[in-house]
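Student: Have a peek at query_0.pdb (PDB, C-alpha atoms).
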ATOM      1  CA  THR A 269      21.518  30.645  12.812
ATOM      2  CA  HIS A 270      24.527  32.275  14.458
ATOM      3  CA  THR A 271      22.292  33.841  17.104
ATOM      4  CA  VAL A 272      20.744  30.468  17.939
ATOM      5  CA  ARG A 273      24.160  28.817  18.134
ATOM      6  CA  CYS A 274      25.414  31.477  20.539
ATOM      7  CA  LEU A 275      22.304  30.984  22.679
ATOM      8  CA  ILE A 276      22.907  27.236  22.857
ATOM      9  CA  LYS A 277      26.556  27.679  23.808
ATOM     10  CA  GLN A 278      25.589  30.089  26.555
ATOM     11  CA  SER A 279      22.902  27.715  27.845
ATOM     12  CA  ARG A 280      25.349  24.823  27.928
ATOM     13  CA  GLN A 281      27.897  26.916  29.766
ATOM     14  CA  ARG A 282      25.300  27.845  32.387
ATOM     15  CA  ALA A 283      24.505  24.153  32.781
ATOM     16  CA  ARG A 284      28.202  23.437  33.408
ATOM     17  CA  ASP A 285      28.402  26.302  35.884
ATOM     18  CA  VAL A 286      25.732  24.674  38.077
ATOM     19  CA  GLY A 287      27.537  21.340  38.057
ATOM     20  CA  LYS A 288      25.879  19.466  35.220
ATOM     21  CA  LYS A 289      27.956  17.185  33.029
ATOM     22  CA  GLY A 290      27.852  15.063  29.905
ATOM     23  CA  GLU A 291      24.397  14.386  28.521
ATOM     24  CA  GLN A 292      22.816  16.833  30.967
ATOM     25  CA  VAL A 293      24.820  19.613  29.322
ATOM     26  CA  ARG A 294      24.361  18.431  25.731
ATOM     27  CA  GLY A 295      20.653  17.879  26.236
ATOM     28  CA  CYS A 296      19.778  21.136  28.002
ATOM     29  CA  CYS A 297      18.561  22.546  24.668
ATOM     30  CA  VAL A 298      16.462  20.542  22.207
ATOM     31  CA  LEU A 299      16.638  21.842  18.643
ATOM     32  CA  SER A 300      14.366  20.917  15.782
ATOM     33  CA  ALA A 301      13.153  22.130  12.401
ATOM     34  CA  PRO A 302      10.519  21.008   9.881
ATOM     35  CA  THR A 303      13.052  19.534   7.428
ATOM     36  CA  GLY A 304      16.217  17.495   7.622
ATOM     37  CA  SER A 305      18.276  20.085   5.746
ATOM     38  CA  ALA A 306      17.202  22.868   8.115
ATOM     39  CA  SER A 307      17.927  20.790  11.214
ATOM     40  CA  PHE A 308      21.350  19.837   9.781
ATOM     41  CA  GLN A 309      22.277  23.517   9.530
ATOM     42  CA  MET A 310      21.371  24.053  13.195
ATOM     43  CA  LYS A 311      23.961  21.507  14.427
ATOM     44  CA  PHE A 312      24.121  20.705  18.173
ATOM     45  CA  GLY A 313      22.194  17.463  17.822
ATOM     46  CA  ALA A 314      19.200  19.029  16.048
ATOM     47  CA  ALA A 315      16.675  16.757  14.334
ATOM     48  CA  THR A 316      13.429  17.119  12.444
ATOM     49  CA  ALA A 317      10.465  18.176  14.545
ATOM     50  CA  HIS A 318       8.711  14.928  13.592
ATOM     51  CA  ARG A 319      11.479  12.814  15.081
ATOM     52  CA  THR A 320      12.097  15.068  18.074
ATOM     53  CA  TYR A 321       8.482  14.929  19.218
ATOM     54  CA  GLY A 322       7.577  11.501  17.867
ATOM     55  CA  ILE A 323       5.028  12.797  15.356
ATOM     56  CA  SER A 324       4.544  10.702  12.237
ATOM     57  CA  PRO A 325       4.298  12.692   8.983
ATOM     58  CA  PHE A 326       2.303   9.820   7.432
ATOM     59  CA  HIS A 327      -0.273   8.883  10.069
ATOM     60  CA  ALA A 328      -2.865  10.638  12.214
ATOM     61  CA  PHE A 329      -1.706  11.975  15.570
ATOM     62  CA  ARG A 330      -2.255   9.654  18.518
ATOM     63  CA  LYS A 331      -0.774   9.147  21.944
ATOM     64  CA  LEU A 332       2.361   7.003  22.020
ATOM     65  CA  GLY A 333       2.344   3.666  23.790
ATOM     66  CA  GLU A 334       4.120   4.338  27.081
ATOM     67  CA  GLN A 335       6.108   1.127  26.853
ATOM     68  CA  GLY A 336       7.252   1.738  23.300
ATOM     69  CA  ASP A 337      10.689   2.730  22.023
ATOM     70  CA  VAL A 338       9.492   6.008  20.491
ATOM     71  CA  TYR A 339       7.837   7.123  23.752
ATOM     72  CA  ASN A 340      10.961   6.339  25.768
ATOM     73  CA  ARG A 341      13.242   8.092  23.270
ATOM     74  CA  VAL A 342      11.115  11.247  23.109
ATOM     75  CA  ARG A 343      10.604  11.375  26.874
ATOM     76  CA  GLN A 344      14.293  10.908  27.631
ATOM     77  CA  LYS A 345      15.261  13.662  25.206
ATOM     78  CA  LEU A 346      12.664  16.199  26.336
ATOM     79  CA  LYS A 347      13.105  15.469  30.036
ATOM     80  CA  LEU A 348      16.716  16.704  29.925
ATOM     81  CA  ALA A 349      15.798  19.918  28.128
ATOM     82  CA  ARG A 350      15.195  23.298  29.709
ATOM     83  CA  LEU A 351      14.836  25.077  26.356
ATOM     84  CA  LEU A 352      12.966  23.896  23.252
ATOM     85  CA  ILE A 353      14.003  25.629  20.011
ATOM     86  CA  LEU A 354      11.958  25.341  16.815
ATOM     87  CA  ASP A 355      13.518  26.816  13.667
ATOM     88  CA  GLU A 356      11.897  27.731  10.326
ATOM     89  CA  ARG A 357       8.643  28.617  12.045
ATOM     90  CA  SER A 358       6.993  29.677   8.792
ATOM     91  CA  MET A 359       6.768  25.974   7.857
ATOM     92  CA  ILE A 360       5.152  25.003  11.174
ATOM     93  CA  GLY A 361       1.369  25.116  10.988
ATOM     94  CA  ARG A 362      -1.181  25.613  13.727
ATOM     95  CA  MET A 363      -2.178  21.957  13.799
ATOM     96  CA  PHE A 364       1.411  20.728  13.917
ATOM     97  CA  LEU A 365       2.260  23.064  16.781
ATOM     98  CA  GLY A 366      -0.783  21.655  18.556
ATOM     99  CA  LYS A 367       0.630  18.165  18.091
ATOM    100  CA  ILE A 368       3.892  19.292  19.669
ATOM    101  CA  GLY A 369       1.991  20.734  22.605
ATOM    102  CA  LEU A 370       0.000  17.552  23.156
ATOM    103  CA  ARG A 371       3.074  15.348  22.839
ATOM    104  CA  CYS A 372       4.876  17.387  25.484
ATOM    105  CA  GLU A 373       1.849  17.036  27.748
ATOM    106  CA  GLN A 374       1.938  13.280  27.328
ATOM    107  CA  VAL A 375       5.637  12.718  28.014
ATOM    108  CA  LEU A 376       6.349  15.589  30.434
ATOM    109  CA  GLY A 377       3.021  16.485  32.010
ATOM    110  CA  ARG A 378       3.256  19.885  33.668
ATOM    111  CA  GLY A 379       6.907  19.364  34.657
ATOM    112  CA  GLU A 380       7.768  21.396  37.728
ATOM    113  CA  GLY A 381       5.277  24.113  36.850
ATOM    114  CA  PRO A 382       1.733  24.949  37.945
ATOM    115  CA  GLU A 383      -1.277  22.869  36.952
ATOM    116  CA  ASP A 384      -1.879  24.843  33.760
ATOM    117  CA  ALA A 385       1.763  24.683  32.605
ATOM    118  CA  THR A 386       2.304  23.640  28.987
ATOM    119  CA  LEU A 387       5.296  22.119  27.178
ATOM    120  CA  GLY A 388       6.383  20.547  30.445
ATOM    121  CA  PHE A 389       7.126  24.023  31.858
ATOM    122  CA  ARG A 390      10.060  24.335  29.443
ATOM    123  CA  ASP A 391      11.168  27.564  27.823
ATOM    124  CA  PHE A 392      10.167  27.705  24.172
ATOM    125  CA  LEU A 393      11.713  29.638  21.289
ATOM    126  CA  MET A 394      10.491  29.774  17.706
ATOM    127  CA  VAL A 395      12.795  31.238  15.066
ATOM    128  CA  GLY A 396      12.092  32.253  11.500
ATOM    129  CA  ASP A 397      10.381  34.575   9.051
ATOM    130  CA  ASP A 398       6.639  34.185   8.483
ATOM    131  CA  LYS A 399       7.057  35.499   4.919
ATOM    132  CA  GLN A 400       9.066  32.433   3.895
ATOM    133  CA  ILE A 401       7.845  28.926   2.918
ATOM    134  CA  THR A 402       4.388  28.149   4.281
ATOM    135  CA  PRO A 403       3.272  24.877   5.925
ATOM    136  CA  ILE A 404       2.219  21.904   3.791
ATOM    137  CA  GLY A 405      -1.325  20.744   4.517
ATOM    138  CA  ASP A 406      -1.692  23.144   7.421
ATOM    139  CA  HIS A 407      -2.427  26.814   8.091
ATOM    140  CA  PRO A 408       0.273  29.350   9.053
ATOM    141  CA  LEU A 409       0.743  30.197  12.710
ATOM    142  CA  PHE A 410      -0.161  33.853  12.245
ATOM    143  CA  LEU A 411      -3.755  33.007  11.311
ATOM    144  CA  ASP A 412      -6.472  33.235  13.950
ATOM    145  CA  GLY A 413      -9.893  31.635  14.087
ATOM    146  CA  ALA A 414     -11.280  28.110  14.172
ATOM    147  CA  TYR A 415     -10.195  25.289  11.893
ATOM    148  CA  LYS A 416     -12.106  25.252   8.586
ATOM    149  CA  GLY A 417     -10.336  22.469   6.728
ATOM    150  CA  LYS A 418     -11.562  19.031   5.689
ATOM    151  CA  ALA A 419      -9.497  16.828   8.008
ATOM    152  CA  LYS A 420     -11.480  14.343  10.042
ATOM    153  CA  GLN A 421     -10.982  13.100  13.577
ATOM    154  CA  PRO A 422      -9.094   9.785  13.586
ATOM    155  CA  ASP A 423     -10.091   6.881  15.765
ATOM    156  CA  GLY A 424      -8.443   7.289  19.132
ATOM    157  CA  GLY A 425      -6.981  10.684  18.327
ATOM    158  CA  PRO A 426      -7.815  14.362  18.933
ATOM    159  CA  SER A 427     -10.017  16.278  16.534
ATOM    160  CA  PRO A 428      -8.517  18.799  14.065
ATOM    161  CA  ASP A 429     -10.283  21.563  16.026
ATOM    162  CA  ALA A 430      -8.590  20.438  19.239
ATOM    163  CA  LEU A 431      -5.158  20.338  17.593
ATOM    164  CA  VAL A 432      -5.554  23.799  16.078
ATOM    165  CA  GLY A 433      -6.841  25.182  19.372
ATOM    166  CA  LYS A 434      -3.836  23.733  21.172
ATOM    167  CA  GLY A 435      -1.485  25.180  18.580
ATOM    168  CA  ILE A 436      -2.974  28.652  18.929
ATOM    169  CA  SER A 437      -2.774  28.354  22.717
ATOM    170  CA  VAL A 438       0.944  27.512  22.575
ATOM    171  CA  ARG A 439       1.531  30.336  20.096
ATOM    172  CA  GLU A 440      -0.186  32.832  22.391
ATOM    173  CA  GLU A 441       2.173  31.922  25.226
ATOM    174  CA  CYS A 442       5.116  33.257  23.198
ATOM    175  CA  GLN A 443       4.919  36.827  24.467
ATOM    176  CA  ASP A 444       8.406  38.153  23.780
ATOM    177  CA  VAL A 445       9.436  38.937  20.206
ATOM    178  CA  VAL A 446      12.950  39.822  19.048
ATOM    179  CA  ILE A 447      13.386  41.197  15.524
ATOM    180  CA  LEU A 448      16.927  41.161  14.132
ATOM    181  CA  ARG A 449      17.130  44.215  11.900
ATOM    182  CA  GLY A 450      20.883  44.738  11.642
ATOM    183  CA  MET A 451      23.459  42.789   9.662
ATOM    184  CA  HIS A 452      27.023  42.696  10.965
ATOM    185  CA  ARG A 453      29.964  41.953   8.714
ATOM    186  CA  ARG A 454      33.605  41.516   9.609
ATOM    187  CA  ASP A 455      36.179  43.992   8.289
ATOM    188  CA  ASP A 456      39.950  44.261   8.672
ATOM    189  CA  GLY A 457      39.976  47.395  10.794
ATOM    190  CA  GLU A 458      40.924  49.719   7.944
ATOM    191  CA  ASN A 459      39.803  52.750   9.973
ATOM    192  CA  ILE A 460      41.922  51.908  13.033
ATOM    193  CA  ILE A 461      45.158  53.909  13.058
ATOM    194  CA  ASP A 462      46.939  52.317  16.033
ATOM    195  CA  PRO A 463      48.581  49.078  14.733
ATOM    196  CA  VAL A 464      48.353  47.366  18.144
ATOM    197  CA  GLU A 465      44.652  48.172  18.460
ATOM    198  CA  LYS A 466      44.115  47.056  14.859
ATOM    199  CA  GLN A 467      45.852  43.738  15.490
ATOM    200  CA  ALA A 468      43.749  43.114  18.598
ATOM    201  CA  TYR A 469      40.577  44.004  16.695
ATOM    202  CA  CYS A 470      41.381  41.566  13.876
ATOM    203  CA  ALA A 471      42.203  38.805  16.365
ATOM    204  CA  GLU A 472      38.841  39.251  18.083
ATOM    205  CA  ALA A 473      37.050  39.294  14.720
ATOM    206  CA  ASP A 474      38.780  36.088  13.659
ATOM    207  CA  GLU A 475      37.795  34.434  16.940
ATOM    208  CA  PHE A 476      34.182  35.527  16.518
ATOM    209  CA  VAL A 477      34.005  34.013  13.022
ATOM    210  CA  ARG A 478      35.726  30.819  14.207
ATOM    211  CA  VAL A 479      33.252  30.314  17.061
ATOM    212  CA  CYS A 480      30.223  31.002  14.877
ATOM    213  CA  ARG A 481      31.357  28.446  12.305
ATOM    214  CA  ARG A 482      31.938  25.610  14.770
TER     215      ARG A 482
END
Output the file's structure as structure tokens, nothing else.

Tutor:
Amino acid sequence: THTVRCLIKQSRQRARDVGKKGEQVRGCCVLSAPTGSASFQMKFGAATAHRTYGISPFHAFRKLGEQGDVYNRVRQKLKLARLLILDERSMIGRMFLGKIGLRCEQVLGRGEGPEDATLGFRDFLMVGDDKQITPIGDHPLFLDGAYKGKAKQPDGGPSPDALVGKGISVREECQDVVILRGMHRRDDGENIIDPVEKQAYCAEADEFVRVCRR
């Protein structure tokens, strides 16, 4: 969580450095998670993935009406973003990720990217541990192969096979992997002999903790 927060702060600062202001700065990163409690912990305007991408948890996936409030809200939010962050990836299934991909295609198209660009040519970051809670009614992202479930194609919507295929395609575009193996804890500089150096060290440590907890 602290790593993601630092990334968002850095992204917002870069947006300010190129002259962006207000909502353009706040909206440069779109954060979401599968649950309300997880999105609450992310801060920075995070919401559930269902709300962020206009995907109903109770109804089959379909295109949004382009004159509707949900379409306009989702499009306005995603259009400002340069980075899409999805936390608790273990709870995101292949089909759901496919729904995210298709929704981005609908509201963003290819963005400023080439014809085969996905997610509106936005940067995309998934965070989490695949060994944690698994998706509900979906298959984990690390699984390969065609869809073998019992879901049926809804009227006017994509087939389960198409959604899973889209999800796998988006997953395969995530080529860079960062594994955080170390854990860093603050101390009071007990091993620093010079009192001035020790005081400076403690001040920097306090500032680091303060920033991470904002």

Student: Between atom CA of Pro426 of chain A and atom CA of Leu387 of chain A, what is the distance in Å, rounded to a tenth?

Tutor: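 These atoms are spaced 17.3 Å apart.
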
Student: Do you know which residues lie at most 6 Å from (1.1, 24.7, 8.2), with coordinates as in the file and all atoms listed in the file counted, and could you write them as a PyMOL selection string?

Tutor: chain A and resi 359-361+403-408

Student: Run the PyMOL selection byres ((chain A and resi 274-277) around 12) against the file shown and list the residues it catches, as an MDAnalysis selection string.

Tutor: chainID A and resid 269:273 278:284 293:299 310:314 349:353 393 476:477 479:482

Student: Nearest to Val445 of chain A: which of A:Val395, A:Asn459, A:Ala419, A:Leu354 is it, counting all atoms listed in the file?

Tutor: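 Closest candidate: A:Val395.
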
Student: What's around Leu370 of chain A at 10 Å? Count all atoms listed in the file, leave out sequence neighbours fewer than 3 positions away in its own chain, and write the answer as a list of chain:residue names.

Tutor: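 With the cut-off at 10 Å, the set is A:Tyr321, A:Phe329, A:Arg330, A:Lys331, A:Phe364, A:Leu365, A:Gly366, A:Lys367, A:Glu373, A:Gln374, A:Val375, A:Leu376, A:Gly377, A:Thr386, A:Leu387, A:Pro426, A:Ala430, A:Leu431, A:Lys434, A:Gly435.
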
Student: Which one is closest to Gly424 of chain A: A:Ala301, A:Ile323, A:Cys372, A:Leu332? Count only C-alpha atoms.

Tutor: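 Looking only at the distances to Gly424 of chain A, the closest residue turns out to be A:Leu332.
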
Student: Some atoms are missing, so please complete segment 304-331 of chain A with N, CA and C atoms and return it as a short mmCIF file (atom, residue, chain, number, x, y, z; two decimals), in the coordinates of the input.

Tutor:
data_model
loop_
_atom_site.label_atom_id
_atom_site.label_comp_id
_atom_site.auth_asym_id
_atom_site.auth_seq_id
_atom_site.Cartn_x
_atom_site.Cartn_y
_atom_site.Cartn_z
N GLY A 304 14.90 18.01 7.27
CA GLY A 304 16.22 17.50 7.62
C GLY A 304 17.33 18.46 7.28
N SER A 305 17.22 19.15 6.14
CA SER A 305 18.28 20.08 5.75
C SER A 305 18.36 21.26 6.72
N ALA A 306 17.20 21.75 7.17
CA ALA A 306 17.20 22.87 8.12
C ALA A 306 17.77 22.44 9.46
N SER A 307 17.41 21.25 9.93
CA SER A 307 17.93 20.79 11.21
C SER A 307 19.43 20.52 11.13
N PHE A 308 19.92 20.07 9.96
CA PHE A 308 21.35 19.84 9.78
C PHE A 308 22.13 21.13 9.94
N GLN A 309 21.59 22.23 9.42
CA GLN A 309 22.28 23.52 9.53
C GLN A 309 22.33 24.03 10.97
N MET A 310 21.39 23.59 11.81
CA MET A 310 21.37 24.05 13.20
C MET A 310 22.50 23.45 14.02
N LYS A 311 22.92 22.22 13.67
CA LYS A 311 23.96 21.51 14.43
C LYS A 311 23.47 21.20 15.85
N PHE A 312 24.39 20.93 16.75
CA PHE A 312 24.12 20.70 18.17
C PHE A 312 23.06 19.62 18.41
N GLY A 313 23.11 18.56 17.61
CA GLY A 313 22.19 17.46 17.82
C GLY A 313 20.77 17.72 17.37
N ALA A 314 20.55 18.72 16.52
CA ALA A 314 19.20 19.03 16.05
C ALA A 314 18.66 17.90 15.18
N ALA A 315 17.34 17.77 15.15
CA ALA A 315 16.68 16.76 14.33
C ALA A 315 15.39 17.36 13.79
N THR A 316 14.71 16.63 12.93
CA THR A 316 13.43 17.12 12.44
C THR A 316 12.44 17.18 13.61
N ALA A 317 11.47 18.06 13.49
CA ALA A 317 10.46 18.18 14.54
C ALA A 317 9.65 16.89 14.67
N HIS A 318 9.46 16.19 13.55
CA HIS A 318 8.71 14.93 13.59
C HIS A 318 9.44 13.91 14.48
N ARG A 319 10.73 13.79 14.29
CA ARG A 319 11.48 12.81 15.08
C ARG A 319 11.61 13.27 16.53
N THR A 320 11.89 14.56 16.72
CA THR A 320 12.10 15.07 18.07
C THR A 320 10.89 14.82 18.96
N TYR A 321 9.70 15.04 18.41
CA TYR A 321 8.48 14.93 19.22
C TYR A 321 7.67 13.67 18.91
N GLY A 322 8.25 12.76 18.14
CA GLY A 322 7.58 11.50 17.87
C GLY A 322 6.26 11.66 17.15
N ILE A 323 6.25 12.52 16.12
CA ILE A 323 5.03 12.80 15.36
C ILE A 323 5.21 12.26 13.94
N SER A 324 4.43 11.29 13.56
CA SER A 324 4.54 10.70 12.24
C SER A 324 4.03 11.66 11.16
N PRO A 325 4.80 11.85 10.08
CA PRO A 325 4.30 12.69 8.98
C PRO A 325 3.33 11.95 8.08
N PHE A 326 3.11 10.64 8.33
CA PHE A 326 2.30 9.82 7.43
C PHE A 326 1.01 9.32 8.08
N HIS A 327 0.89 9.42 9.39
CA HIS A 327 -0.27 8.88 10.07
C HIS A 327 -0.90 9.94 10.98
N ALA A 328 -2.16 9.72 11.32
CA ALA A 328 -2.86 10.64 12.21
C ALA A 328 -2.20 10.67 13.58
N PHE A 329 -2.34 11.81 14.26
CA PHE A 329 -1.71 11.98 15.57
C PHE A 329 -2.46 11.17 16.63
N ARG A 330 -1.71 10.41 17.40
CA ARG A 330 -2.26 9.65 18.52
C ARG A 330 -1.24 9.64 19.64
N LYS A 331 -1.69 9.31 20.83
CA LYS A 331 -0.77 9.15 21.94
C LYS A 331 0.16 7.97 21.67
#
